[in-house]
$ cat upload02.pdb   # PDB, C-alpha atoms, pLDDT in the B column
ATOM      1  CA  MET A 661      -7.678  31.373  22.660  1.00 32.00           C
ATOM      2  CA  ARG A 662     -10.550  31.195  20.220  1.00 32.00           C
ATOM      3  CA  VAL A 663     -10.503  28.759  17.328  1.00 37.00           C
ATOM      4  CA  ASN A 664     -12.726  28.777  14.293  1.00 39.00           C
ATOM      5  CA  LYS A 665     -12.557  27.853  10.631  1.00 39.00           C
ATOM      6  CA  THR A 666     -10.851  31.122   9.713  1.00 36.00           C
ATOM      7  CA  LEU A 667      -7.866  30.722  12.006  1.00 39.00           C
ATOM      8  CA  GLY A 668      -4.486  29.711  10.680  1.00 40.00           C
ATOM      9  CA  THR A 669      -2.361  26.690  11.478  1.00 40.00           C
ATOM     10  CA  SER A 670      -0.354  28.546  14.126  1.00 40.00           C
ATOM     11  CA  ASP A 671      -3.505  29.097  16.228  1.00 57.00           C
ATOM     12  CA  LEU A 672      -4.533  25.472  15.983  1.00 56.00           C
ATOM     13  CA  ARG A 673      -1.136  24.404  17.236  1.00 57.00           C
ATOM     14  CA  ASP A 674      -2.064  25.800  20.629  1.00 65.00           C
ATOM     15  CA  TYR A 675      -4.154  22.697  21.179  1.00 77.00           C
ATOM     16  CA  ILE A 676      -2.113  19.931  22.805  1.00 86.00           C
ATOM     17  CA  TRP A 677      -3.684  16.504  22.953  1.00 91.00           C
ATOM     18  CA  LYS A 678      -3.006  14.488  26.084  1.00 93.00           C
ATOM     19  CA  ARG A 679      -2.572  10.753  25.834  1.00 93.00           C
ATOM     20  CA  ARG A 680      -3.335   7.787  28.061  1.00 94.00           C
ATOM     21  CA  PRO A 681      -4.375   4.125  27.761  1.00 94.00           C
ATOM     22  CA  SER A 682      -8.041   3.747  26.854  1.00 92.00           C
ATOM     23  CA  GLU A 683     -10.352   2.184  29.411  1.00 93.00           C
ATOM     24  CA  ILE A 684     -12.946   1.440  26.719  1.00 92.00           C
ATOM     25  CA  ARG A 685     -12.985  -2.161  25.608  1.00 92.00           C
ATOM     26  CA  GLY A 686     -11.622  -2.676  22.113  1.00 92.00           C
ATOM     27  CA  TYR A 687      -9.459   0.442  22.104  1.00 94.00           C
ATOM     28  CA  HIS A 688      -5.820   0.768  23.075  1.00 93.00           C
ATOM     29  CA  ARG A 689      -5.055   4.477  23.445  1.00 93.00           C
ATOM     30  CA  THR A 690      -6.895   7.743  24.060  1.00 95.00           C
ATOM     31  CA  LEU A 691      -6.205  11.314  22.973  1.00 94.00           C
ATOM     32  CA  TYR A 692      -8.183  14.034  24.747  1.00 94.00           C
ATOM     33  CA  LEU A 693      -8.378  17.763  25.436  1.00 93.00           C
ATOM     34  CA  THR A 694     -10.753  20.449  26.641  1.00 92.00           C
ATOM     35  CA  THR A 695     -11.226  23.538  24.495  1.00 89.00           C
ATOM     36  CA  GLU A 696     -11.379  27.074  25.852  1.00 87.00           C
ATOM     37  CA  LYS A 697     -15.062  27.058  24.965  1.00 88.00           C
ATOM     38  CA  GLY A 698     -15.584  24.087  27.292  1.00 90.00           C
ATOM     39  CA  ASP A 699     -15.982  21.251  24.793  1.00 91.00           C
ATOM     40  CA  TYR A 700     -14.383  17.992  25.873  1.00 94.00           C
ATOM     41  CA  LEU A 701     -13.024  16.139  22.866  1.00 95.00           C
ATOM     42  CA  ARG A 702     -11.694  12.613  22.957  1.00 95.00           C
ATOM     43  CA  VAL A 703     -10.373  10.115  20.422  1.00 95.00           C
ATOM     44  CA  ASP A 704     -10.031   6.423  21.279  1.00 95.00           C
ATOM     45  CA  TYR A 705      -8.324   4.243  18.730  1.00 95.00           C
ATOM     46  CA  ASN A 706      -7.192   0.747  17.837  1.00 94.00           C
ATOM     47  CA  ILE A 707      -4.680   0.931  15.005  1.00 92.00           C
ATOM     48  CA  LYS A 708      -4.493  -2.828  14.478  1.00 92.00           C
ATOM     49  CA  GLU A 709      -8.244  -3.161  13.959  1.00 92.00           C
ATOM     50  CA  ARG A 710      -8.444   0.220  12.160  1.00 93.00           C
ATOM     51  CA  ARG A 711     -11.117   1.553  14.505  1.00 94.00           C
ATOM     52  CA  VAL A 712     -11.511   5.084  15.910  1.00 95.00           C
ATOM     53  CA  ARG A 713     -14.115   6.464  18.348  1.00 96.00           C
ATOM     54  CA  LEU A 714     -14.726  10.214  18.282  1.00 95.00           C
ATOM     55  CA  TYR A 715     -16.321  11.542  21.473  1.00 96.00           C
ATOM     56  CA  ILE A 716     -17.532  15.053  22.303  1.00 95.00           C
ATOM     57  CA  GLU A 717     -19.206  16.671  25.263  1.00 94.00           C
ATOM     58  CA  ASP A 718     -21.016  19.586  23.684  1.00 91.00           C
ATOM     59  CA  SER A 719     -20.706  22.734  25.818  1.00 90.00           C
ATOM     60  CA  ASP A 720     -23.577  24.306  23.871  1.00 89.00           C
ATOM     61  CA  GLU A 721     -25.836  21.611  25.321  1.00 90.00           C
ATOM     62  CA  GLY A 722     -24.476  21.656  28.826  1.00 90.00           C
ATOM     63  CA  GLY A 723     -21.947  18.905  28.186  1.00 89.00           C
ATOM     64  CA  ASN A 724     -24.308  16.469  26.466  1.00 91.00           C
ATOM     65  CA  PRO A 725     -22.109  13.551  25.240  1.00 95.00           C
ATOM     66  CA  TYR A 726     -22.041  12.027  21.754  1.00 94.00           C
ATOM     67  CA  TYR A 727     -19.787   9.555  20.008  1.00 95.00           C
ATOM     68  CA  SER A 728     -19.116   8.261  16.538  1.00 95.00           C
ATOM     69  CA  VAL A 729     -17.279   5.067  15.594  1.00 95.00           C
ATOM     70  CA  ILE A 730     -15.285   4.890  12.377  1.00 94.00           C
ATOM     71  CA  VAL A 731     -13.971   1.546  11.115  1.00 94.00           C
ATOM     72  CA  ALA A 732     -11.529   1.448   8.202  1.00 91.00           C
ATOM     73  CA  GLY A 733     -12.592   4.906   7.048  1.00 90.00           C
ATOM     74  CA  LYS A 734     -16.359   4.341   7.264  1.00 93.00           C
ATOM     75  CA  ILE A 735     -18.771   5.689   9.876  1.00 94.00           C
ATOM     76  CA  VAL A 736     -20.573   2.735  11.459  1.00 93.00           C
ATOM     77  CA  VAL A 737     -22.126   4.232  14.612  1.00 91.00           C
ATOM     78  CA  GLU A 738     -23.418   7.662  15.684  1.00 94.00           C
ATOM     79  CA  ARG A 739     -25.099   7.844  19.104  1.00 92.00           C
ATOM     80  CA  ASN A 740     -25.969   9.949  22.092  1.00 93.00           C
ATOM     81  CA  ALA A 741     -23.674   8.530  24.786  1.00 90.00           C
ATOM     82  CA  THR A 742     -26.243   9.068  27.542  1.00 91.00           C
ATOM     83  CA  THR A 743     -29.374   7.607  25.976  1.00 90.00           C
ATOM     84  CA  GLY A 744     -27.722   5.286  23.463  1.00 89.00           C
ATOM     85  CA  ARG A 745     -30.036   6.598  20.778  1.00 92.00           C
ATOM     86  CA  VAL A 746     -28.916   7.078  17.207  1.00 91.00           C
ATOM     87  CA  ALA A 747     -27.953  10.694  16.519  1.00 89.00           C
ATOM     88  CA  GLN A 748     -26.935  12.745  13.504  1.00 91.00           C
ATOM     89  CA  LEU A 749     -23.484  14.053  14.418  1.00 92.00           C
ATOM     90  CA  PHE A 750     -22.170  15.560  11.212  1.00 92.00           C
ATOM     91  CA  ASP A 751     -22.846  19.153  12.230  1.00 91.00           C
ATOM     92  CA  LYS A 752     -21.575  18.678  15.785  1.00 91.00           C
ATOM     93  CA  ILE A 753     -18.300  17.020  14.830  1.00 92.00           C
ATOM     94  CA  SER A 754     -17.614  18.917  11.618  1.00 91.00           C
ATOM     95  CA  LYS A 755     -17.941  22.182  13.575  1.00 90.00           C
ATOM     96  CA  ARG A 756     -14.939  20.977  15.585  1.00 90.00           C
ATOM     97  CA  SER A 757     -13.124  19.301  12.722  1.00 90.00           C
ATOM     98  CA  ASP A 758     -10.338  21.896  12.710  1.00 89.00           C
ATOM     99  CA  ILE A 759      -9.466  20.879  16.282  1.00 91.00           C
ATOM    100  CA  PHE A 760      -9.725  17.151  15.597  1.00 91.00           C
ATOM    101  CA  SER A 761      -7.429  17.729  12.619  1.00 90.00           C
ATOM    102  CA  THR A 762      -4.606  18.772  14.959  1.00 90.00           C
ATOM    103  CA  ILE A 763      -4.156  15.160  16.094  1.00 88.00           C
ATOM    104  CA  THR A 764      -0.503  14.314  15.498  1.00 84.00           C
ATOM    105  CA  ASN A 765      -1.078  10.596  14.910  1.00 88.00           C
ATOM    106  CA  ASN A 766      -1.217  10.177  11.142  1.00 89.00           C
ATOM    107  CA  GLU A 767      -2.446   6.578  11.385  1.00 91.00           C
ATOM    108  CA  VAL A 768      -5.517   7.757  13.297  1.00 92.00           C
ATOM    109  CA  LEU A 769      -6.174  10.461  10.693  1.00 92.00           C
ATOM    110  CA  LYS A 770      -5.914   7.875   7.912  1.00 91.00           C
ATOM    111  CA  ILE A 771      -8.495   5.687   9.635  1.00 91.00           C
ATOM    112  CA  ILE A 772     -10.828   8.687  10.037  1.00 92.00           C
ATOM    113  CA  ASN A 773     -10.433   9.141   6.286  1.00 89.00           C
ATOM    114  CA  ARG A 774     -11.561  12.803   6.181  1.00 89.00           C
ATOM    115  CA  ASN A 775     -14.992  12.016   7.597  1.00 91.00           C
ATOM    116  CA  TYR A 776     -16.652  15.093   9.148  1.00 92.00           C
ATOM    117  CA  GLY A 777     -14.062  17.207   7.341  1.00 89.00           C
ATOM    118  CA  ILE A 778     -11.273  15.979   9.640  1.00 89.00           C
ATOM    119  CA  ALA A 779      -7.911  16.031   7.904  1.00 81.00           C
ATOM    120  CA  GLY A 780      -4.278  16.468   8.839  1.00 59.00           C
ATOM    121  CA  SER A 781      -2.815  19.893   9.463  1.00 47.00           C
ATOM    122  CA  VAL A 782      -1.618  22.039   6.582  1.00 43.00           C
ATOM    123  CA  LEU A 783       1.980  21.024   7.231  1.00 44.00           C
ATOM    124  CA  GLU A 784       1.075  17.350   7.360  1.00 51.00           C
ATOM    125  CA  ALA A 785      -0.951  17.685   4.168  1.00 49.00           C
ATOM    126  CA  GLU A 786       1.986  19.321   2.421  1.00 51.00           C
ATOM    127  CA  LYS A 787       4.253  16.568   3.712  1.00 56.00           C
ATOM    128  CA  ASP A 788       1.883  13.880   2.409  1.00 55.00           C
ATOM    129  CA  ASP A 789       1.673  15.636  -0.962  1.00 54.00           C
ATOM    130  CA  LYS A 790       5.463  15.700  -1.189  1.00 62.00           C
ATOM    131  CA  GLU A 791       5.669  12.021  -0.349  1.00 65.00           C
ATOM    132  CA  ILE A 792       3.077  11.213  -3.010  1.00 64.00           C
ATOM    133  CA  LEU A 793       4.962  13.265  -5.601  1.00 67.00           C
ATOM    134  CA  LYS A 794       8.232  11.599  -4.624  1.00 72.00           C
ATOM    135  CA  LYS A 795       6.729   8.117  -4.949  1.00 72.00           C
ATOM    136  CA  GLU A 796       5.272   9.043  -8.321  1.00 72.00           C
ATOM    137  CA  ALA A 797       8.629  10.403  -9.483  1.00 76.00           C
ATOM    138  CA  ASP A 798      10.413   7.258  -8.259  1.00 74.00           C
ATOM    139  CA  ARG A 799       7.887   5.091 -10.090  1.00 72.00           C
ATOM    140  CA  LYS A 800       8.333   7.041 -13.340  1.00 74.00           C
ATOM    141  CA  ARG A 801      12.121   6.871 -12.943  1.00 75.00           C
ATOM    142  CA  GLU A 802      11.951   3.096 -12.475  1.00 70.00           C
ATOM    143  CA  ILE A 803       9.778   2.738 -15.577  1.00 67.00           C
ATOM    144  CA  GLU A 804      12.196   4.894 -17.565  1.00 69.00           C
ATOM    145  CA  LEU A 805      15.179   2.812 -16.425  1.00 69.00           C
ATOM    146  CA  THR A 806      13.353  -0.350 -17.428  1.00 62.00           C
ATOM    147  CA  LYS A 807      12.673   1.114 -20.868  1.00 59.00           C
ATOM    148  CA  ARG A 808      16.323   2.059 -21.227  1.00 64.00           C
ATOM    149  CA  LYS A 809      17.449  -1.397 -20.227  1.00 59.00           C
ATOM    150  CA  TYR A 810      15.135  -3.508 -22.320  1.00 55.00           C
ATOM    151  CA  PHE A 811      13.350  -1.471 -24.967  1.00 53.00           C
ATOM    152  CA  SER A 812      15.716   1.300 -26.182  1.00 50.00           C
ATOM    153  CA  ASP A 813      17.815   1.080 -29.332  1.00 46.00           C
ATOM    154  CA  GLU A 814      21.622   1.204 -29.244  1.00 44.00           C
ATOM    155  CA  SER A 815      21.716   4.883 -30.269  1.00 41.00           C
ATOM    156  CA  TYR A 816      19.940   5.871 -27.055  1.00 41.00           C
ATOM    157  CA  SER A 817      22.810   5.023 -24.722  1.00 44.00           C
ATOM    158  CA  PRO A 818      25.570   2.810 -26.173  1.00 43.00           C
ATOM    159  CA  TYR A 819      27.449   2.642 -22.889  1.00 40.00           C
ATOM    160  CA  ILE A 820      24.471   1.377 -20.902  1.00 41.00           C
ATOM    161  CA  VAL A 821      23.424  -1.118 -23.558  1.00 40.00           C
ATOM    162  CA  LYS A 822      26.906  -2.549 -24.062  1.00 43.00           C
ATOM    163  CA  THR A 823      27.550  -2.775 -20.321  1.00 42.00           C
ATOM    164  CA  GLU A 824      24.294  -4.563 -19.647  1.00 42.00           C
ATOM    165  CA  GLU A 825      24.759  -6.898 -22.613  1.00 41.00           C
ATOM    166  CA  LYS A 826      28.105  -7.870 -21.159  1.00 42.00           C
ATOM    167  CA  LYS A 827      26.507  -8.534 -17.779  1.00 44.00           C
ATOM    168  CA  SER A 828      23.756 -10.620 -19.344  1.00 45.00           C
ATOM    169  CA  SER A 829      26.332 -12.961 -20.921  1.00 47.00           C
ATOM    170  CA  LYS A 830      27.353 -14.299 -17.499  1.00 64.00           C
ATOM    171  CA  ILE A 831      25.474 -17.226 -16.038  1.00 74.00           C
ATOM    172  CA  ASP A 832      24.915 -17.253 -12.273  1.00 81.00           C
ATOM    173  CA  PHE A 833      23.964 -19.917  -9.790  1.00 87.00           C
ATOM    174  CA  ILE A 834      20.342 -18.786  -9.909  1.00 88.00           C
ATOM    175  CA  ASP A 835      20.301 -19.540 -13.648  1.00 88.00           C
ATOM    176  CA  PHE A 836      21.509 -23.093 -13.021  1.00 91.00           C
ATOM    177  CA  ALA A 837      18.808 -23.384 -10.364  1.00 91.00           C
ATOM    178  CA  ASP A 838      16.153 -22.190 -12.829  1.00 92.00           C
ATOM    179  CA  LEU A 839      17.346 -24.670 -15.437  1.00 92.00           C
ATOM    180  CA  PHE A 840      17.389 -27.550 -12.964  1.00 94.00           C
ATOM    181  CA  ILE A 841      14.040 -26.809 -11.352  1.00 94.00           C
ATOM    182  CA  GLY A 842      12.332 -26.005 -14.651  1.00 92.00           C
ATOM    183  CA  SER A 843      13.656 -29.180 -16.291  1.00 93.00           C
ATOM    184  CA  LEU A 844      12.646 -31.259 -13.272  1.00 95.00           C
ATOM    185  CA  ILE A 845       9.102 -29.876 -13.360  1.00 94.00           C
ATOM    186  CA  CYS A 846       8.809 -30.648 -17.092  1.00 93.00           C
ATOM    187  CA  ILE A 847      10.129 -34.192 -16.621  1.00 94.00           C
ATOM    188  CA  LEU A 848       7.729 -34.867 -13.749  1.00 94.00           C
ATOM    189  CA  LEU A 849       4.817 -33.532 -15.794  1.00 92.00           C
ATOM    190  CA  TYR A 850       5.770 -35.786 -18.725  1.00 91.00           C
ATOM    191  CA  ILE A 851       5.978 -38.842 -16.440  1.00 93.00           C
ATOM    192  CA  TYR A 852       2.525 -38.001 -15.130  1.00 91.00           C
ATOM    193  CA  SER A 853       0.791 -37.036 -18.386  1.00 90.00           C
ATOM    194  CA  HIS A 854       2.900 -38.447 -21.283  1.00 90.00           C
ATOM    195  CA  ASN A 855       1.658 -35.437 -23.241  1.00 93.00           C
ATOM    196  CA  TYR A 856       4.291 -33.590 -25.283  1.00 91.00           C
ATOM    197  CA  ILE A 857       1.938 -30.684 -26.010  1.00 92.00           C
ATOM    198  CA  ILE A 858       1.304 -29.888 -22.350  1.00 93.00           C
ATOM    199  CA  VAL A 859       4.974 -30.289 -21.466  1.00 92.00           C
ATOM    200  CA  GLY A 860       5.956 -28.032 -24.361  1.00 91.00           C
ATOM    201  CA  MET A 861       3.562 -25.315 -23.264  1.00 95.00           C
ATOM    202  CA  LEU A 862       4.864 -25.579 -19.707  1.00 94.00           C
ATOM    203  CA  SER A 863       8.489 -25.336 -20.847  1.00 93.00           C
ATOM    204  CA  ALA A 864       7.788 -22.177 -22.860  1.00 93.00           C
ATOM    205  CA  PHE A 865       5.889 -20.699 -19.930  1.00 95.00           C
ATOM    206  CA  ILE A 866       8.802 -21.428 -17.569  1.00 94.00           C
ATOM    207  CA  GLY A 867      11.178 -19.666 -19.950  1.00 92.00           C
ATOM    208  CA  ILE A 868       9.024 -16.540 -20.017  1.00 93.00           C
ATOM    209  CA  LEU A 869       8.427 -16.715 -16.265  1.00 93.00           C
ATOM    210  CA  THR A 870      12.132 -16.912 -15.383  1.00 91.00           C
ATOM    211  CA  GLY A 871      12.801 -13.918 -17.595  1.00 88.00           C
ATOM    212  CA  PHE A 872      10.141 -11.867 -15.806  1.00 89.00           C
ATOM    213  CA  LEU A 873      11.433 -13.010 -12.415  1.00 89.00           C
ATOM    214  CA  ASP A 874      14.930 -11.834 -13.314  1.00 85.00           C
ATOM    215  CA  ILE A 875      13.733  -8.422 -14.467  1.00 85.00           C
ATOM    216  CA  PHE A 876      11.030  -7.495 -11.991  1.00 85.00           C
ATOM    217  CA  TYR A 877      11.802  -9.534  -8.849  1.00 84.00           C
ATOM    218  CA  ARG A 878      15.525 -10.225  -8.863  1.00 81.00           C
ATOM    219  CA  LYS A 879      16.297  -6.807 -10.415  1.00 77.00           C
ATOM    220  CA  ARG A 880      18.854  -8.229 -12.870  1.00 80.00           C
ATOM    221  CA  LEU A 881      19.216  -8.787 -16.567  1.00 81.00           C
ATOM    222  CA  PRO A 882      17.932 -12.226 -17.570  1.00 81.00           C
ATOM    223  CA  TYR A 883      20.298 -14.844 -18.938  1.00 83.00           C
ATOM    224  CA  LEU A 884      18.823 -14.926 -22.431  1.00 88.00           C
ATOM    225  CA  LEU A 885      20.166 -18.355 -23.334  1.00 90.00           C
ATOM    226  CA  LYS A 886      18.180 -19.835 -20.441  1.00 92.00           C
ATOM    227  CA  VAL A 887      14.972 -18.166 -21.597  1.00 91.00           C
ATOM    228  CA  ILE A 888      15.513 -19.085 -25.254  1.00 93.00           C
ATOM    229  CA  LEU A 889      16.368 -22.679 -24.309  1.00 93.00           C
ATOM    230  CA  PHE A 890      13.118 -23.237 -22.416  1.00 93.00           C
ATOM    231  CA  ILE A 891      11.030 -21.581 -25.138  1.00 94.00           C
ATOM    232  CA  THR A 892      12.757 -23.466 -27.970  1.00 94.00           C
ATOM    233  CA  ILE A 893      12.395 -26.825 -26.257  1.00 94.00           C
ATOM    234  CA  GLY A 894       8.787 -25.968 -25.552  1.00 91.00           C
ATOM    235  CA  LEU A 895       8.078 -25.203 -29.209  1.00 93.00           C
ATOM    236  CA  VAL A 896       9.828 -28.367 -30.354  1.00 93.00           C
ATOM    237  CA  LEU A 897       7.862 -30.537 -27.912  1.00 91.00           C
ATOM    238  CA  TYR A 898       4.603 -28.831 -28.841  1.00 91.00           C
ATOM    239  CA  ILE A 899       5.164 -29.326 -32.581  1.00 91.00           C
ATOM    240  CA  TYR A 900       6.304 -32.914 -32.061  1.00 88.00           C
ATOM    241  CA  GLY A 901       3.284 -33.720 -29.944  1.00 87.00           C
ATOM    242  CA  TYR A 902       0.844 -31.978 -32.278  1.00 85.00           C
ATOM    243  CA  TYR A 903       2.059 -33.189 -35.691  1.00 84.00           C
ATOM    244  CA  ILE A 904       4.094 -36.318 -35.079  1.00 78.00           C
ATOM    245  CA  PHE A 905       3.328 -38.106 -31.805  1.00 65.00           C
TER     246      PHE A 905
END
$ encode --input "upload02.pdb" --output "structure tokens"
Amino acid sequence: MRVNKTLGTSDLRDYIWKRRPSEIRGYHRTLYLTTEKGDYLRVDYNIKERRVRLYIEDSDEGGNPYYSVIVAGKIVVERNATTGRVAQLFDKISKRSDIFSTITNNEVLKIINRNYGIAGSVLEAEKDDKEILKKEADRKREIELTKRKYFSDESYSPYIVKTEEKKSSKIDFIDFADLFIGSLICILLYIYSHNYIIVGMLSAFIGILTGFLDIFYRKRLPYLLKVILFITIGLVLYIYGYYIF
């Protein structure tokens, strides 16, 4: 079984990585295999600390060992494992990148971050692309639904608009909680500062904030009277404090 850059995915699947606990301090698990050519390849990893150690025994050099350490997608160490001297390993590891790419642990591949040309298999890449496209489509769909709910005119979808307007006319417990907590905060601020302008600005801010919380966090239509009440009181207090008090 010979593997090189021109071989297809089916040939690379012949490589089966064995797994065992890592005996190297700071790493949890090890993946390893020996190629037909005689190279010994090994990957030690610590997912929690986002650290991967790539190790090769180069058959072209009589099994001379080298290792590279990648932390959070960046190469931090490249050394000869025997002498401990710094070594340039791009050519050595990239020449075997197609084999390293057959690792089935996607978290390890993400940590490697395509260094040395190591990437997931073709099937995994296609799967990742599909997931990215799906997430993008879901995000666009969510944005479109938000536009329909809050920014479209009545001619766009009368049924949706009327239904949601009916829902927004009902006050829930969370609205009473917003009113109580918001009012309490404003009262406490007034007791502390005796400043109508600051309290007015805070009241208006609370009104806007509760509306955003309803839309983007609670995933519900805001109770408009609650929002308008806080903003109106805020404007009144601001004007009173600025021109009268």
$ closest_residue --input "upload02.pdb" --among "A:Val737, A:Leu869, A:Val746, A:Val768" --to "Glu709 of chain A" --atoms "only C-alpha atoms"
A:Val768
$ atom_distance --input "upload02.pdb" --atom1 "atom CA of Arg685 of chain A" --atom2 "atom CA of Ile771 of chain A"
18.4 Å
$ resolve_selection --input "upload02.pdb" --expression "the PyMOL selection byres ((chain A and resi 884-899) around 6)" --output "ChimeraX atom specification"
/A:856-857,860-861,863-864,867,882-883,900-903
$ atom_distance --input "upload02.pdb" --atom1 "atom CA of Gly733 of chain A" --atom2 "atom CA of Ile716 of chain A"
19.0 Å
$ atom_distance --input "upload02.pdb" --atom1 "atom CA of Asp718 of chain A" --atom2 "atom CA of Ser757 of chain A"
13.5 Å
$ resolve_selection --input "upload02.pdb" --expression "the PyMOL selection byres ((chain A and resi 676) around 12)" --output "MDAnalysis selection string"
chainID A and resid 671:675 677:679 691:695 701 759:764
$ closest_residue --input "upload02.pdb" --among "A:Asp704, A:Glu796, A:Asp874, A:Asp720" --to "Ile834 of chain A" --atoms "all atoms listed in the file"
A:Asp874
$ resolve_selection --input "upload02.pdb" --expression "the PyMOL selection byres ((chain A and resi 738-742) around 7)" --output "CSV table (one decimal) with C-alpha atoms, in the frame of the given file"
chain,number,residue,atom,x,y,z
A,725,PRO,CA,-22.1,13.6,25.2
A,726,TYR,CA,-22.0,12.0,21.8
A,727,TYR,CA,-19.8,9.6,20.0
A,728,SER,CA,-19.1,8.3,16.5
A,729,VAL,CA,-17.3,5.1,15.6
A,737,VAL,CA,-22.1,4.2,14.6
A,743,THR,CA,-29.4,7.6,26.0
A,744,GLY,CA,-27.7,5.3,23.5
A,745,ARG,CA,-30.0,6.6,20.8
A,746,VAL,CA,-28.9,7.1,17.2
A,747,ALA,CA,-28.0,10.7,16.5
A,748,GLN,CA,-26.9,12.7,13.5
A,749,LEU,CA,-23.5,14.1,14.4
$ closest_residue --input "upload02.pdb" --among "A:Ile866, A:Ile730, A:Ser719, A:Gly842" --to "Glu696 of chain A" --atoms "all atoms listed in the file"
A:Ser719
$ closest_residue --input "upload02.pdb" --among "A:Ala732, A:Ile707, A:Ile868, A:Ile904" --to "Asp838 of chain A" --atoms "only C-alpha atoms"
A:Ile868
$ axis_aligned_box --input "upload02.pdb" --around "segment 717-734 of chain A" --padding-each-side "6 Å" --output "AutoDock Vina command-line options"
--center_x -18.7 --center_y 12.9 --center_z 17.9 --size_x 26.3 --size_y 34.9 --size_z 33.8
